[in-house]
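Asker: Would you mind keeping the following structure in view while I ask a few things?
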Amino acid sequence: MTAPATLLRLMWLASPALPVGGFSYSEGLEAALDAGRVQGEAAVGDWLLDQLHLSLARADLPACAQAFQAWQAPPDACRLQSLNDWVLATRESAEFRLQTEQMGRSLVEWLRNGEHAADPRIACCAGLAPAPSWPVAFALACVLASGTADTADDDAKDDAEQALLALAFGWAENMAQAAMKSVPLGQAAAQRILTRLTQAIPEAVQQALSLPEDARQAFTPGLAILSARHENQYSRLFRS
């Protein structure tokens with residue numbers, strides 16, 4: 001079982017209150033609403049479930065899992081730079097790239113002011129060029145939260161799973177909040193959407209953990225087009 005202190009740290013990392021700006025992004029949902037692609041609670045829930053399985057489970061979640069292993073002390077700097085390059089290269093719009101860079105940098109700054117501020121891996125993460133991406137930085141935050149370097153291999157695998165659950169739930173809660181503001185939806189409807197996402201997250205995490213490196217992919221052309229259109233959308237609440 002996850003130690004209480006570790007569980008609390010992971011809950012903290014998954015919280016929308018974490019000062020990394022996740023609340024300011026809709027990740028294409030606002031553009032989909034503007035284009036009439038989704039309307040109402042059921043359609044938004046279906047849209048986000050597709051995004052979970054077709055995007056997160058194939059790209060950011062497996063990248064985070066692989067970065068989690070690479071952050072074990074001593075960190076594999078070459079491996080981490082390669083993963084970071086892949087994440088940045090697969091952002092299919094300017095908004096998506098700015099999001100992962102901004103959130104990654106903000107998380108590094110948060111770590112620099114936290115209880116693990118003296119850990120040299122934080123400086124290593126900050127030095128990833130041209131900027132630390134969100135999945136890679138989040139993996140480091142989870143490694144520091146779990147103290148994985150001091151655990152057995154089986155425990156480390158469990159910790160990686162917990163890290164992906166935290167990453168996915170943080171995304172789901174932010175998206176439920178985005179749906180409330182942009183559809184708009186009431187709180188009860190948003191909670192029903194969050195329930196659907198939460199029920200699907202464990203399967204998505206297991207898919208990500210079992211995905212070979214050469215099977216990692218980021219191919220959501222429809223979402224990329226909507227994101228590009230969002231850059232010039234007449235009225236918008238969100239940065240993506």
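Each chain in the structure tokens gets a letter, A, B, ..., in the order shown, and its residues are numbered from 1; ligands are numbered from 1 in order too.
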Sorted by chain and rising residue number, list the residues of region 21-89 of chain A at most 7 Å from region 175-197 of chain A (counting only C-alpha atoms), each with its closest atom pair and distance in Å to one decimal, as JSON lines.
Answerer:
```
{"residue": "A:Ser26", "atom": "CA", "partner": "A:Ala178", "partner_atom": "CA", "distance": 5.7}
{"residue": "A:Glu30", "atom": "CA", "partner": "A:Ser182", "partner_atom": "CA", "distance": 6.3}
{"residue": "A:Leu33", "atom": "CA", "partner": "A:Val183", "partner_atom": "CA", "distance": 6.9}
{"residue": "A:Gly40", "atom": "CA", "partner": "A:Val183", "partner_atom": "CA", "distance": 6.9}
{"residue": "A:Glu41", "atom": "CA", "partner": "A:Ala189", "partner_atom": "CA", "distance": 6.4}
{"residue": "A:Gly45", "atom": "CA", "partner": "A:Ile193", "partner_atom": "CA", "distance": 5.3}
{"residue": "A:Leu49", "atom": "CA", "partner": "A:Leu197", "partner_atom": "CA", "distance": 6.3}
```
Asker: Would you mind exporting C-alpha atoms of the selected residues as a PDB file, in the first residue's frame?
Answerer:
```pdb
ATOM      1  CA  SER A  26      -9.197  23.240 -22.260  1.00  0.00           C
ATOM      2  CA  GLU A  30     -13.390  24.962 -26.186  1.00  0.00           C
ATOM      3  CA  LEU A  33     -17.640  23.413 -28.654  1.00  0.00           C
ATOM      4  CA  GLY A  40     -24.128  18.727 -23.947  1.00  0.00           C
ATOM      5  CA  GLU A  41     -23.001  16.456 -21.143  1.00  0.00           C
ATOM      6  CA  GLY A  45     -18.050  12.890 -21.783  1.00  0.00           C
ATOM      7  CA  LEU A  49     -13.039   9.525 -22.990  1.00  0.00           C
TER       8      LEU A  49
END
```
Asker: Quick one: residues within 12 Å of Ala163 (chain A), only C-alpha atoms, excluding same-chain residues fewer than 3 positions away - as number ranges by chain?
Answerer: A: 2, 6-7, 9-14, 61-69, 135-146, 148, 156-160, 166-170, 202, 205-206, 208-209
Asker: Find the residues near Pro16 (chain A): any atom within 8 Å, counting only C-alpha atoms, skip ones fewer than 2 places away on the same chain, and give them as a list in words.
Answerer: Ala14, Leu18, Pro19, Gly22, Phe23, Gly170, Glu173 and Asn174 of chain A
Asker: Take the residues from that selection and put them in a file with C-alpha atoms, as a PDB file, in the first residue's frame.
Answerer:
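See part-v5.pdb below for the written result:
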```pdb
ATOM      1  CA  ALA A  14      -3.044  15.829  -8.938  1.00  0.00           C
ATOM      2  CA  LEU A  18      -1.241  23.062  -7.950  1.00  0.00           C
ATOM      3  CA  PRO A  19       0.187  26.376  -9.220  1.00  0.00           C
ATOM      4  CA  GLY A  22      -3.564  23.637 -15.702  1.00  0.00           C
ATOM      5  CA  PHE A  23      -6.941  25.293 -15.051  1.00  0.00           C
ATOM      6  CA  GLY A 170      -5.347  15.762 -12.518  1.00  0.00           C
ATOM      7  CA  GLU A 173     -10.474  17.088 -13.042  1.00  0.00           C
ATOM      8  CA  ASN A 174      -9.129  20.040 -15.015  1.00  0.00           C
TER       9      ASN A 174
END
```
Asker: Any idea what's packed within 7 Å of Glu95 (chain A), counting only C-alpha atoms, ignoring anything in its chain fewer than 3 positions away? Could you give it as a VMD selection string?
Answerer: chain A and resid 98 to 99 227 240
Asker: Can you tell me which residues surround Ala32 (chain A) at a distance of at most 12 Å, considering only C-alpha atoms, apart from same-chain residues fewer than 4 positions away, and format the answer as a PyMOL selection string?
Answerer: chain A and resi 26-28+36-40+43-44+47-48+179+182-183+222-230+233+236+240
Asker: Excluding Ala218 (chain A) and residues on its chain fewer than 4 positions from it, collect all residues at most 9 Å away from it, counting only C-alpha atoms, and give them as a PyMOL selection string.
Answerer: chain A and resi 54-56+58-60+87+90-92
Asker: Could you pull out the alpha helix (DSSP H) residues of region 179-239 of chain A from DSSP and send them as a PyMOL selection string?
Answerer: chain A and resi 179-182+187-210+221-230
Asker: Please produce a file of the residues just selected, as a short mmCIF file (atom, residue, chain, number, x, y, z; two decimals), in the first residue's frame, where the atoms kept are N, CA and C atoms.
Answerer:
```
data_model
loop_
_atom_site.label_atom_id
_atom_site.label_comp_id
_atom_site.auth_asym_id
_atom_site.auth_seq_id
_atom_site.Cartn_x
_atom_site.Cartn_y
_atom_site.Cartn_z
N ALA A 179 -15.15 21.96 -18.79
CA ALA A 179 -16.47 21.70 -19.35
C ALA A 179 -17.54 22.53 -18.63
N MET A 180 -17.41 22.66 -17.32
CA MET A 180 -18.36 23.47 -16.56
C MET A 180 -18.38 24.91 -17.07
N LYS A 181 -17.20 25.45 -17.34
CA LYS A 181 -17.10 26.86 -17.73
C LYS A 181 -17.48 27.11 -19.18
N SER A 182 -17.18 26.16 -20.05
CA SER A 182 -17.29 26.44 -21.48
C SER A 182 -18.54 25.87 -22.13
N GLN A 187 -22.56 21.69 -11.80
CA GLN A 187 -21.61 20.88 -11.04
C GLN A 187 -21.95 19.40 -11.07
N ALA A 188 -23.23 19.07 -10.98
CA ALA A 188 -23.63 17.65 -10.98
C ALA A 188 -23.26 16.99 -12.31
N ALA A 189 -23.48 17.68 -13.42
CA ALA A 189 -23.13 17.13 -14.73
C ALA A 189 -21.63 16.94 -14.85
N ALA A 190 -20.86 17.93 -14.36
CA ALA A 190 -19.40 17.81 -14.42
C ALA A 190 -18.92 16.64 -13.58
N GLN A 191 -19.56 16.42 -12.45
CA GLN A 191 -19.17 15.29 -11.61
C GLN A 191 -19.52 13.96 -12.27
N ARG A 192 -20.59 13.92 -13.02
CA ARG A 192 -20.91 12.68 -13.75
C ARG A 192 -19.87 12.41 -14.84
N ILE A 193 -19.42 13.47 -15.51
CA ILE A 193 -18.35 13.30 -16.50
C ILE A 193 -17.07 12.83 -15.82
N LEU A 194 -16.75 13.42 -14.68
CA LEU A 194 -15.55 13.02 -13.94
C LEU A 194 -15.65 11.57 -13.48
N THR A 195 -16.84 11.12 -13.13
CA THR A 195 -17.04 9.72 -12.76
C THR A 195 -16.72 8.80 -13.93
N ARG A 196 -17.20 9.15 -15.12
CA ARG A 196 -16.92 8.33 -16.30
C ARG A 196 -15.42 8.27 -16.57
N LEU A 197 -14.75 9.41 -16.46
CA LEU A 197 -13.31 9.44 -16.70
C LEU A 197 -12.56 8.64 -15.65
N THR A 198 -12.94 8.80 -14.40
CA THR A 198 -12.26 8.08 -13.32
C THR A 198 -12.39 6.58 -13.48
N GLN A 199 -13.54 6.13 -13.92
CA GLN A 199 -13.74 4.69 -14.13
C GLN A 199 -12.87 4.17 -15.27
N ALA A 200 -12.54 5.03 -16.23
CA ALA A 200 -11.75 4.60 -17.39
C ALA A 200 -10.25 4.76 -17.18
N ILE A 201 -9.85 5.55 -16.20
CA ILE A 201 -8.43 5.86 -16.02
C ILE A 201 -7.58 4.63 -15.72
N PRO A 202 -7.99 3.71 -14.82
CA PRO A 202 -7.12 2.55 -14.55
C PRO A 202 -6.76 1.76 -15.79
N GLU A 203 -7.72 1.55 -16.69
CA GLU A 203 -7.43 0.82 -17.93
C GLU A 203 -6.45 1.59 -18.79
N ALA A 204 -6.63 2.92 -18.88
CA ALA A 204 -5.71 3.74 -19.67
C ALA A 204 -4.30 3.70 -19.10
N VAL A 205 -4.19 3.69 -17.77
CA VAL A 205 -2.87 3.64 -17.13
C VAL A 205 -2.20 2.30 -17.41
N GLN A 206 -2.94 1.21 -17.32
CA GLN A 206 -2.36 -0.09 -17.60
C GLN A 206 -1.91 -0.19 -19.05
N GLN A 207 -2.70 0.38 -19.95
CA GLN A 207 -2.31 0.41 -21.37
C GLN A 207 -0.99 1.17 -21.53
N ALA A 208 -0.86 2.30 -20.84
CA ALA A 208 0.35 3.11 -20.95
C ALA A 208 1.56 2.39 -20.38
N LEU A 209 1.38 1.70 -19.26
CA LEU A 209 2.49 1.00 -18.62
C LEU A 209 2.99 -0.16 -19.46
N SER A 210 2.11 -0.77 -20.22
CA SER A 210 2.48 -1.94 -21.02
C SER A 210 2.92 -1.59 -22.43
N PRO A 221 -5.20 14.15 -35.46
CA PRO A 221 -5.23 15.27 -36.42
C PRO A 221 -6.45 16.17 -36.26
N GLY A 222 -7.61 15.59 -35.93
CA GLY A 222 -8.80 16.42 -35.74
C GLY A 222 -8.63 17.38 -34.58
N LEU A 223 -8.07 16.89 -33.50
CA LEU A 223 -7.82 17.73 -32.33
C LEU A 223 -6.79 18.80 -32.65
N ALA A 224 -5.76 18.43 -33.42
CA ALA A 224 -4.73 19.40 -33.80
C ALA A 224 -5.32 20.54 -34.62
N ILE A 225 -6.22 20.21 -35.54
CA ILE A 225 -6.85 21.24 -36.37
C ILE A 225 -7.70 22.18 -35.51
N LEU A 226 -8.46 21.60 -34.58
CA LEU A 226 -9.26 22.43 -33.68
C LEU A 226 -8.38 23.34 -32.83
N SER A 227 -7.25 22.79 -32.37
CA SER A 227 -6.34 23.59 -31.56
C SER A 227 -5.77 24.76 -32.36
N ALA A 228 -5.41 24.50 -33.60
CA ALA A 228 -4.89 25.57 -34.45
C ALA A 228 -5.94 26.64 -34.70
N ARG A 229 -7.18 26.21 -34.89
CA ARG A 229 -8.26 27.18 -35.10
C ARG A 229 -8.50 28.01 -33.83
N HIS A 230 -8.30 27.38 -32.69
CA HIS A 230 -8.54 28.07 -31.43
C HIS A 230 -7.64 29.28 -31.26
#
```
Asker: What is the CA of Ser24 (chain A)-CA of Ala172 (chain A) distance in Å, reported with one decimal?
Answerer: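 If I compute the distance from CA of Ser24 (chain A) to CA of Ala172 (chain A), I get 13.7 Å.
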